[in-house]
file entry-v4.txt (compact mmCIF, C-alpha atoms and all ligand atoms)
# COMPACT_ATOMS: atom_id res chain seq x y z
CA MET A 17 0.00 0.00 0.00
CA ILE A 18 1.31 3.47 -0.81
CA ALA A 19 1.09 6.18 1.82
CA SER A 20 -0.77 8.64 -0.42
CA SER A 21 -3.74 6.24 -0.69
CA LEU A 22 -4.31 6.11 3.08
CA PRO A 23 -6.57 9.19 3.49
CA ALA A 24 -8.89 7.99 0.73
CA LEU A 25 -9.08 4.53 2.26
CA ALA A 26 -9.70 5.95 5.72
CA GLN A 27 -12.71 7.85 4.43
CA LYS A 28 -14.13 4.85 2.63
CA LYS A 29 -16.59 2.97 4.81
CA SER A 30 -15.44 -0.63 5.09
CA VAL A 31 -17.94 -3.28 4.08
CA ALA A 32 -18.54 -6.00 6.65
CA ARG A 33 -17.57 -9.48 5.47
CA PRO A 34 -20.55 -11.86 5.36
CA LEU A 35 -20.00 -14.94 7.53
CA ILE A 36 -21.97 -18.00 8.55
CA PHE A 37 -20.88 -19.86 11.67
CA ASP A 38 -21.52 -23.62 11.85
CA HIS A 39 -20.66 -25.16 15.24
CA ASP A 40 -21.27 -28.37 17.15
CA GLY A 41 -22.03 -27.01 20.60
CA GLY A 42 -18.88 -28.14 22.42
CA THR A 43 -18.77 -26.47 25.81
CA PRO A 44 -16.92 -24.28 26.28
CA ASP A 45 -15.06 -24.37 22.99
CA ASP A 46 -17.66 -23.60 20.32
CA PHE A 47 -19.31 -20.97 22.51
CA LEU A 48 -16.02 -19.20 23.21
CA ALA A 49 -15.62 -19.00 19.43
CA LEU A 50 -19.11 -17.47 19.18
CA ALA A 51 -18.33 -15.05 22.02
CA LEU A 52 -15.33 -13.84 20.04
CA LEU A 53 -17.21 -13.60 16.72
CA LEU A 54 -19.78 -11.38 18.41
CA THR A 55 -17.07 -8.81 19.15
CA LEU A 56 -15.97 -8.45 15.52
CA LYS A 57 -16.92 -5.17 13.88
CA ASP A 58 -16.04 -6.14 10.33
CA ILE A 59 -18.10 -9.33 10.25
CA ASP A 60 -21.70 -9.51 9.05
CA LEU A 61 -22.93 -12.60 10.90
CA ARG A 62 -25.68 -13.97 8.66
CA GLY A 63 -26.64 -16.98 10.78
CA VAL A 64 -25.47 -19.62 13.22
CA ILE A 65 -25.93 -23.29 12.34
CA CYS A 66 -26.14 -25.76 15.21
CA SER A 67 -24.80 -29.08 13.99
CA PRO A 68 -24.64 -32.37 15.89
CA GLY A 69 -21.33 -33.35 17.45
CA VAL A 70 -19.91 -32.89 20.92
CA THR A 71 -23.24 -31.70 22.34
CA HIS A 72 -26.95 -32.17 22.80
CA LEU A 73 -28.56 -30.25 19.97
CA GLU A 74 -31.51 -28.69 21.82
CA ALA A 75 -29.26 -27.29 24.53
CA SER A 76 -26.72 -26.14 21.96
CA MET A 77 -29.41 -24.20 20.12
CA SER A 78 -30.68 -22.73 23.36
CA VAL A 79 -27.21 -21.52 24.44
CA THR A 80 -26.62 -20.10 20.96
CA ARG A 81 -29.88 -18.12 21.01
CA LYS A 82 -29.28 -16.85 24.53
CA MET A 83 -25.77 -15.72 23.62
CA LEU A 84 -27.06 -13.85 20.58
CA ALA A 85 -29.72 -12.20 22.75
CA LEU A 86 -27.12 -11.27 25.39
CA ALA A 87 -25.04 -9.64 22.65
CA GLY A 88 -28.01 -7.69 21.30
CA ARG A 89 -28.07 -9.86 18.18
CA ALA A 90 -31.30 -11.80 18.70
CA THR A 91 -32.30 -11.23 15.08
CA VAL A 92 -29.44 -13.41 13.79
CA PRO A 93 -31.11 -16.67 12.71
CA VAL A 94 -30.22 -19.93 14.46
CA LEU A 95 -30.53 -23.00 12.28
CA ARG A 96 -31.04 -26.64 13.21
CA SER A 97 -29.02 -29.21 11.31
CA VAL A 98 -30.71 -32.51 10.54
CA ALA A 99 -27.36 -34.16 9.75
CA ARG A 100 -26.56 -37.21 11.86
CA GLY A 101 -22.84 -37.84 11.69
CA VAL A 102 -21.29 -41.30 11.84
CA HIS A 103 -19.31 -41.72 15.09
CA ALA A 104 -20.94 -40.49 18.32
CA TYR A 105 -18.86 -38.48 20.76
CA PRO A 106 -18.27 -39.92 24.25
CA THR A 107 -21.32 -39.04 26.34
CA PRO A 108 -19.45 -37.25 29.19
CA TRP A 109 -17.99 -34.75 26.69
CA ARG A 110 -21.48 -33.77 25.56
CA ARG A 111 -23.07 -32.99 28.91
CA SER A 112 -21.64 -29.63 29.93
CA VAL A 113 -23.78 -27.77 27.39
CA TRP A 114 -26.74 -28.24 29.79
CA VAL A 115 -24.81 -26.46 32.54
CA ALA A 116 -23.91 -23.61 30.18
CA ASP A 117 -27.59 -23.28 29.27
CA ALA A 118 -28.39 -22.70 32.97
CA LEU A 119 -25.78 -19.98 33.60
CA PRO A 120 -27.48 -16.97 35.21
CA ILE A 121 -25.81 -14.55 32.78
CA LEU A 122 -27.70 -16.27 29.94
CA ASN A 123 -31.01 -16.35 31.80
CA GLN A 124 -31.57 -12.78 32.90
CA ARG A 125 -34.74 -12.58 30.85
CA ALA A 126 -37.40 -15.11 29.91
CA PHE A 127 -36.66 -16.36 26.45
CA ALA A 128 -39.14 -17.68 23.90
CA ALA A 129 -37.30 -19.65 21.25
CA PRO A 130 -38.62 -19.22 17.71
CA ALA A 131 -38.93 -22.22 15.41
CA ALA A 132 -35.57 -23.12 13.93
CA PRO A 133 -35.41 -23.46 10.15
CA ASP A 134 -33.67 -26.47 8.62
CA ALA A 135 -29.98 -25.62 8.31
CA VAL A 136 -29.36 -27.34 4.97
CA GLU A 137 -32.32 -25.71 3.25
CA TRP A 138 -31.43 -22.33 4.78
CA LEU A 139 -27.75 -22.60 3.82
CA VAL A 140 -28.58 -23.45 0.22
CA SER A 141 -31.08 -20.59 -0.09
CA GLN A 142 -28.81 -18.06 1.68
CA LEU A 143 -25.82 -18.88 -0.49
CA THR A 144 -27.85 -19.03 -3.70
CA ALA A 145 -29.25 -15.56 -2.98
CA ALA A 146 -25.94 -14.06 -1.75
CA SER A 147 -24.68 -11.16 -3.83
CA ALA A 148 -21.15 -11.48 -2.37
CA ALA A 149 -19.29 -14.68 -1.52
CA VAL A 150 -19.75 -15.76 2.11
CA THR A 151 -17.09 -17.07 4.51
CA LEU A 152 -17.98 -20.22 6.46
CA LEU A 153 -16.43 -20.79 9.86
CA ILE A 154 -16.98 -24.42 10.83
CA THR A 155 -15.90 -25.63 14.27
CA GLY A 156 -17.56 -29.03 14.16
CA SER A 157 -17.69 -31.67 11.46
CA PHE A 158 -18.62 -31.11 7.82
CA CYS A 159 -21.88 -33.06 8.23
CA THR A 160 -24.15 -30.10 7.44
CA LEU A 161 -22.05 -28.54 4.68
CA ALA A 162 -21.75 -31.92 2.92
CA LEU A 163 -25.54 -32.27 2.78
CA ALA A 164 -25.86 -28.74 1.41
CA LEU A 165 -23.24 -29.41 -1.28
CA ASP A 166 -25.07 -32.58 -2.30
CA ARG A 167 -28.40 -30.73 -2.40
CA GLN A 168 -27.09 -27.84 -4.50
CA PRO A 169 -23.49 -28.16 -5.77
CA SER A 170 -23.59 -24.69 -7.31
CA ILE A 171 -23.35 -23.08 -3.85
CA GLU A 172 -19.60 -23.71 -4.03
CA SER A 173 -19.21 -20.57 -6.11
CA LYS A 174 -20.84 -18.46 -3.36
CA ILE A 175 -18.44 -19.56 -0.62
CA ALA A 176 -15.40 -17.29 -0.28
CA GLU A 177 -13.56 -19.77 1.93
CA VAL A 178 -14.19 -22.40 4.57
CA VAL A 179 -12.23 -21.91 7.78
CA TRP A 180 -12.30 -25.26 9.58
CA MET A 181 -11.08 -26.31 12.99
CA GLY A 182 -10.23 -29.87 12.16
CA GLY A 183 -7.61 -32.39 11.17
CA ALA A 184 -4.25 -33.46 12.55
CA LEU A 185 -1.44 -33.30 10.02
CA ARG A 186 1.92 -33.97 11.62
CA VAL A 187 0.78 -34.64 15.18
CA ALA A 188 -1.29 -37.40 16.78
CA GLY A 189 -5.07 -37.30 16.51
CA ASN A 190 -7.40 -36.95 19.50
CA VAL A 191 -9.63 -39.96 18.86
CA SER A 192 -8.61 -42.13 21.77
CA ARG A 193 -8.45 -45.92 21.61
CA ASN A 194 -10.10 -45.95 25.03
CA ASP A 195 -13.19 -44.37 23.46
CA GLU A 196 -12.94 -45.96 20.01
CA PRO A 197 -11.09 -49.29 20.35
CA SER A 198 -11.10 -50.03 16.61
CA HIS A 199 -9.37 -46.74 15.73
CA ASP A 200 -5.62 -46.22 15.50
CA GLY A 201 -5.71 -42.76 17.14
CA SER A 202 -4.54 -40.86 14.07
CA ALA A 203 -7.69 -38.80 13.47
CA GLU A 204 -9.02 -35.57 14.89
CA TRP A 205 -12.62 -35.76 16.15
CA ASN A 206 -14.23 -33.20 13.81
CA ALA A 207 -13.00 -35.29 10.87
CA TYR A 208 -13.78 -38.61 12.57
CA PHE A 209 -17.34 -37.63 13.55
CA ASP A 210 -18.33 -37.82 9.87
CA PRO A 211 -15.50 -39.00 7.56
CA PRO A 212 -17.75 -39.28 4.46
CA ALA A 213 -18.79 -35.64 4.96
CA ALA A 214 -15.13 -34.62 5.16
CA ALA A 215 -14.50 -36.63 1.99
CA ARG A 216 -17.33 -34.71 0.28
CA VAL A 217 -15.65 -31.41 1.10
CA TRP A 218 -12.29 -32.82 0.01
CA ARG A 219 -13.85 -33.58 -3.40
CA SER A 220 -15.06 -29.99 -3.73
CA LYS A 221 -13.06 -27.07 -5.07
CA LEU A 222 -13.83 -24.93 -2.02
CA PRO A 223 -10.97 -22.79 -0.71
CA LEU A 224 -10.21 -24.49 2.59
CA VAL A 225 -8.22 -23.05 5.50
CA LEU A 226 -7.38 -25.61 8.16
CA CYS A 227 -6.90 -24.99 11.86
CA PRO A 228 -5.53 -28.45 12.71
CA LEU A 229 -4.35 -29.88 16.02
CA ASP A 230 -0.82 -28.97 14.88
CA ALA A 231 -1.85 -25.33 15.40
CA THR A 232 -4.10 -25.73 18.43
CA ASN A 233 -1.53 -27.80 20.35
CA LYS A 234 0.56 -24.63 20.50
CA VAL A 235 -2.08 -22.67 22.41
CA PRO A 236 -3.02 -24.43 25.66
CA VAL A 237 -5.59 -22.80 27.93
CA ARG A 238 -3.30 -21.71 30.73
CA ARG A 239 -4.38 -20.97 34.31
CA GLU A 240 -3.00 -17.48 33.84
CA PHE A 241 -5.40 -16.97 30.92
CA GLN A 242 -8.35 -17.90 33.13
CA GLN A 243 -7.13 -15.39 35.73
CA ARG A 244 -6.79 -12.68 33.08
CA LEU A 245 -10.37 -13.36 31.98
CA ALA A 246 -11.43 -11.97 35.36
CA THR A 247 -10.09 -8.59 34.20
CA VAL A 248 -12.58 -8.39 31.29
CA ARG A 249 -15.72 -9.02 33.36
CA HIS A 250 -17.02 -5.49 32.83
CA THR A 251 -18.34 -6.42 29.38
CA ALA A 252 -21.14 -8.96 29.04
CA LEU A 253 -19.24 -11.04 26.49
CA GLY A 254 -16.05 -10.89 28.58
CA ASP A 255 -17.95 -11.98 31.68
CA LEU A 256 -19.60 -14.81 29.76
CA ALA A 257 -16.26 -15.91 28.27
CA GLY A 258 -14.73 -16.21 31.74
CA GLN A 259 -17.64 -18.29 32.98
CA LEU A 260 -17.58 -20.52 29.90
CA ASN A 261 -13.83 -20.99 30.04
CA ALA A 262 -14.14 -22.40 33.57
CA PHE A 263 -15.64 -25.52 31.94
CA ALA A 264 -12.21 -26.20 30.46
CA TYR A 265 -11.18 -27.53 33.87
CA ALA A 266 -14.09 -29.96 34.31
CA ASN A 267 -12.15 -33.13 33.57
CA GLY A 268 -8.68 -32.16 34.68
CA GLU A 269 -7.40 -32.71 31.17
CA GLU A 270 -5.30 -30.46 28.98
CA PHE A 271 -7.47 -27.96 27.17
CA TYR A 272 -6.54 -25.88 24.16
CA PHE A 273 -7.74 -22.98 22.05
CA TRP A 274 -9.40 -25.19 19.44
CA ASP A 275 -12.51 -23.54 17.98
CA LEU A 276 -11.50 -20.24 19.56
CA LEU A 277 -8.25 -20.32 17.60
CA ALA A 278 -10.11 -20.72 14.30
CA ALA A 279 -12.37 -17.80 15.27
CA ALA A 280 -9.29 -15.73 16.16
CA TYR A 281 -8.02 -16.35 12.62
CA VAL A 282 -11.24 -14.90 11.22
CA GLY A 283 -10.80 -11.79 13.33
CA ALA A 284 -7.02 -11.36 13.17
CA PRO A 285 -5.39 -13.32 10.33
CA ALA A 286 -2.19 -11.28 10.78
CA LEU A 287 -1.51 -13.29 13.95
CA PHE A 288 -1.02 -16.42 11.85
CA ARG A 289 1.35 -17.85 9.30
CA VAL A 290 -0.56 -19.56 6.50
CA LYS A 291 1.06 -22.21 4.33
CA ASP A 292 -0.12 -24.21 1.35
CA ASP A 293 -0.29 -27.94 1.89
CA GLU A 294 -1.52 -31.09 0.18
CA VAL A 295 -3.57 -33.35 2.44
CA ALA A 296 -5.20 -36.73 1.83
CA LEU A 297 -8.26 -37.79 3.80
CA LEU A 298 -8.72 -41.41 4.86
CA ALA A 299 -12.48 -41.97 4.90
CA ASP A 300 -12.70 -45.44 6.44
CA GLY A 301 -10.86 -48.26 8.16
CA ALA A 302 -8.77 -48.04 11.32
CA SER A 303 -7.58 -44.54 10.35
CA ALA A 304 -11.02 -43.17 9.42
CA GLY A 305 -10.92 -39.39 9.52
CA ARG A 306 -7.13 -39.17 9.36
CA THR A 307 -5.85 -36.11 7.48
CA LYS A 308 -2.48 -37.06 6.08
CA PRO A 309 -0.02 -34.69 4.36
CA GLU A 310 0.73 -36.29 1.02
CA PRO A 311 2.04 -35.05 -2.33
CA GLY A 312 -0.93 -34.94 -4.70
CA GLY A 313 -3.41 -34.65 -1.83
CA ARG A 314 -6.12 -32.03 -1.72
CA ARG A 315 -4.70 -28.52 -1.79
CA MET A 316 -5.54 -26.26 1.11
CA LYS A 317 -4.13 -23.60 3.36
CA VAL A 318 -3.05 -24.40 6.90
CA MET A 319 -2.84 -21.83 9.68
CA ASP A 320 -0.18 -21.67 12.35
CA PRO A 321 -0.23 -19.14 15.22
CA ILE A 322 2.90 -16.98 15.17
CA ASP A 323 2.87 -16.27 18.92
CA PRO A 324 0.47 -18.06 21.31
CA ARG A 325 0.65 -15.19 23.82
CA ALA A 326 -0.43 -12.74 21.12
CA ILE A 327 -3.54 -14.89 20.54
CA GLU A 328 -4.40 -14.67 24.24
CA ASP A 329 -3.82 -10.91 24.24
CA TYR A 330 -5.99 -10.51 21.16
CA VAL A 331 -9.05 -12.35 22.48
CA LEU A 332 -8.79 -10.60 25.85
CA ALA A 333 -8.60 -7.21 24.13
CA GLN A 334 -11.70 -8.10 22.11
CA TRP A 335 -13.65 -9.05 25.22
CA ARG A 336 -12.35 -6.04 27.14
CA THR A 337 -13.85 -3.66 24.57
CA ARG A 338 -17.58 -3.23 24.23
CA SER A 339 -18.96 -5.13 21.25
CA PRO A 340 -20.46 -3.40 18.18
CA THR A 341 -23.87 -3.56 19.92
CA GLY A 342 -22.48 -1.99 23.08
CA VAL A 343 -22.40 -5.03 25.41
CA CA A 401 -16.52 -27.74 18.11
call {"tool": "encode", "arguments": {"input": "entry-v4.txt", "output": "structure tokens", "more": "lines below"}}
Ligand SMILES: [Ca+2]
result
Amino acid sequence: MIASSLPALAQKKSVARPLIFDHDGGTPDDFLALALLLTLKDIDLRGVICSPGVTHLEASMSVTRKMLALAGRATVPVLRSVARGVHAYPTPWRRSVWVADALPILNQRAFAAPAAPDAVEWLVSQLTAASAAVTLLITGSFCTLALALDRQPSIESKIAEVVWMGGALRVAGNVSRNDEPSHDGSAEWNAYFDPPAAARVWRSKLPLVLCPLDATNKVPVRREFQQRLATVRHTALGDLAGQLNAFAYANGEEFYFWDLLAAAYVGAPALFRVKDDEVALLADGASAGRTKPEPGGRRMKVMDPIDPRAIEDYVLAQWRTRSPTGV
């Protein structure tokens, strides 16, 4: 950019980027990602799709609606996916969404949930009618997108890019043999939940940006981060984020910025290196859902956080500042 063009650009009103968020209700992860998205000024959030995955769908939809209402965005449509997936998540992982749904901060007012349109039908009609290409942020499996692509393949041309938290390229997967004895442990759960759906997206020409475990492993949720969340409690979204993040300690296991990292990329891509890669997807067998770097594999971009501490600082700064709707 040349310096002389700056005044003209400064006067030009920036156009918000249209985005659809498709999540699978993992608590706290998917909702932390939503809490960050709701702080972004340059995003036009067109709708939030609740897909099956690491959740109970009714509770996931309820939390999603209550979060949108808390953020003054109750008019953003919430869509119900009828996709089913293939491999069910371990039951204990899915339960905490019910606790999130009962948090007082999300229940300050009585809430009447409107009927939820079918996500696949809505996605096809939204994209078909879109005048500008839409970004998809997907922090669950591809189960819903795959159905939409099958229903109307031409929607591909209306998708600017798909940012996906999923895959494990040069690190171990997180599908445990304790939970899935027939699996070899090489896959990441968002790919393993519905490998044929991932294969459908692999067959598409969609621009794909991966946020794999290789990236998320670099950003653990540190105790210090939880303590710093207490300093952003003066905003509603910051307060909610701190309460949600406490769920990260429920099982005493290591927790990472997974979905939140992919959302941070949407808001602040400059905090990431992005490299081209070629990745094969194994759709069945003992490695079902494995995403394997391989010459000749599907081309995609892969994100890598430059500085994990800068990611923490970024999300805290977002939650410290009042959102575009003033909460
Ligand atoms: Ca998720």
call {"tool": "atom_distance", "arguments": {"input": "entry-v4.txt", "atom1": "atom CA of A:Val235", "atom2": "atom CA of A:Phe273"}}
result
5.7 Å
call {"tool": "residues_near_point", "arguments": {"input": "entry-v4.txt", "point": "(-14.1, -48.0, 19.6)", "cutoff": "12 Å", "atoms": "only C-alpha atoms", "output": "VMD selection string"}}
result
chain A and resid 103 to 106 191 to 201 208 301 to 304
call {"tool": "closest_residue", "arguments": {"input": "entry-v4.txt", "among": "A:Leu95, A:Ala284, A:Met181, A:Leu161", "to": "ligand CA 401 (chain A)", "atoms": "all atoms listed in the file"}}
result
A:Met181
call {"tool": "closest_residue", "arguments": {"input": "entry-v4.txt", "among": "A:Asn190, A:Thr251, A:Asn206, A:Thr307", "to": "A:Leu86", "atoms": "only C-alpha atoms"}}
result
A:Thr251
call {"tool": "atom_distance", "arguments": {"input": "entry-v4.txt", "atom1": "atom CA of A:Phe288", "atom2": "atom CA of A:Asp320"}}
result
5.3 Å
call {"tool": "residues_near_ligand", "arguments": {"input": "entry-v4.txt", "ligand": "ligand CA 401 (chain A)", "cutoff": "7 Å", "atoms": "only C-alpha atoms and all ligand atoms", "output": "number ranges by chain"}}
result
A: 39-42, 45-46, 70, 155-156, 275
call {"tool": "closest_atom_pairs", "arguments": {"input": "entry-v4.txt", "of": "stretch 236-305 of chain A", "to": "stretch 114-119 of chain A", "cutoff": "10 Å", "atoms": "only C-alpha atoms", "output": "Markdown table"}}
result
| residue | atom | partner | partner_atom | distance |
| --- | --- | --- | --- | --- |
| A:Leu256 | CA | A:Leu119 | CA | 8.9 |
| A:Gln259 | CA | A:Leu119 | CA | 8.3 |
| A:Leu260 | CA | A:Ala116 | CA | 7.0 |
| A:Phe263 | CA | A:Ala116 | CA | 8.7 |
call {"tool": "closest_residue", "arguments": {"input": "entry-v4.txt", "among": "A:Val98, A:Ala90, A:Leu298, A:Leu48", "to": "A:Trp335", "atoms": "only C-alpha atoms"}}
result
A:Leu48
call {"tool": "closest_residue", "arguments": {"input": "entry-v4.txt", "among": "A:Leu165, A:Leu297, A:Val237, A:Leu52", "to": "A:Asp210", "atoms": "all atoms listed in the file"}}
result
A:Leu297
call {"tool": "closest_residue", "arguments": {"input": "entry-v4.txt", "among": "A:Ala252, A:Ala162, A:Val136, A:Met83", "to": "A:Val343", "atoms": "only C-alpha atoms"}}
result
A:Ala252
call {"tool": "atom_distance", "arguments": {"input": "entry-v4.txt", "atom1": "atom CA of A:Ala87", "atom2": "atom CA of A:Thr107"}}
result
29.9 Å
call {"tool": "closest_residue", "arguments": {"input": "entry-v4.txt", "among": "A:Cys159, A:Ala188, A:Leu229, A:Leu332", "to": "A:Gly258", "atoms": "all atoms listed in the file"}}
result
A:Leu332
call {"tool": "residues_around", "arguments": {"input": "entry-v4.txt", "residues": "A:Lys317", "least_positions_apart": "3", "cutoff": "12 Å", "atoms": "only C-alpha atoms", "output": "list of chain:residue names"}}
result
A:Glu177, A:Val178, A:Val179, A:Trp180, A:Leu222, A:Pro223, A:Leu224, A:Val225, A:Leu226, A:Cys227, A:Pro228, A:Phe288, A:Arg289, A:Val290, A:Lys291, A:Asp292, A:Asp293, A:Glu294, A:Val295, A:Pro309, A:Arg314, A:Asp320
call {"tool": "residues_near_point", "arguments": {"input": "entry-v4.txt", "point": "(-17.6, 2.7, 30.5)", "cutoff": "10 Å", "atoms": "only C-alpha atoms", "output": "list in words"}}
result
His250, Thr251, Thr337 and Arg338 of chain A
call {"tool": "residues_around", "arguments": {"input": "entry-v4.txt", "residues": "A:Ser76", "least_positions_apart": "3", "cutoff": "8 Å", "atoms": "only C-alpha atoms", "output": "JSON, numbers by chain"}}
result
{"A": [40, 41, 66, 71, 72, 73, 79, 80, 113, 117]}
call {"tool": "residues_around", "arguments": {"input": "entry-v4.txt", "residues": "A:Val102", "least_positions_apart": "3", "cutoff": "12 Å", "atoms": "all atoms listed in the file", "output": "compact mmCIF listing (two decimals) with C-alpha atoms, in the coordinates of the input"}}
result
# COMPACT_ATOMS: atom_id res chain seq x y z
CA PRO A 68 -24.64 -32.37 15.89
CA GLY A 69 -21.33 -33.35 17.45
CA ALA A 99 -27.36 -34.16 9.75
CA TYR A 105 -18.86 -38.48 20.76
CA SER A 157 -17.69 -31.67 11.46
CA PHE A 158 -18.62 -31.11 7.82
CA CYS A 159 -21.88 -33.06 8.23
CA TRP A 205 -12.62 -35.76 16.15
CA ASN A 206 -14.23 -33.20 13.81
CA ALA A 207 -13.00 -35.29 10.87
CA TYR A 208 -13.78 -38.61 12.57
CA PHE A 209 -17.34 -37.63 13.55
CA ASP A 210 -18.33 -37.82 9.87
CA PRO A 211 -15.50 -39.00 7.56
CA PRO A 212 -17.75 -39.28 4.46
CA ALA A 213 -18.79 -35.64 4.96
CA ALA A 214 -15.13 -34.62 5.16
CA ALA A 299 -12.48 -41.97 4.90
CA ASP A 300 -12.70 -45.44 6.44
CA ALA A 304 -11.02 -43.17 9.42
CA GLY A 305 -10.92 -39.39 9.52
call {"tool": "residues_around", "arguments": {"input": "entry-v4.txt", "residues": "A:Asp60", "least_positions_apart": "5", "cutoff": "7 Å", "atoms": "all atoms listed in the file", "output": "short mmCIF file (atom, residue, chain, number, x, y, z; two decimals) with C-alpha atoms, in the coordinates of the input"}}
result
data_model
loop_
_atom_site.label_atom_id
_atom_site.label_comp_id
_atom_site.auth_asym_id
_atom_site.auth_seq_id
_atom_site.Cartn_x
_atom_site.Cartn_y
_atom_site.Cartn_z
CA ALA A 32 -18.54 -6.00 6.65
CA ARG A 33 -17.57 -9.48 5.47
CA PRO A 34 -20.55 -11.86 5.36
CA LEU A 35 -20.00 -14.94 7.53
#
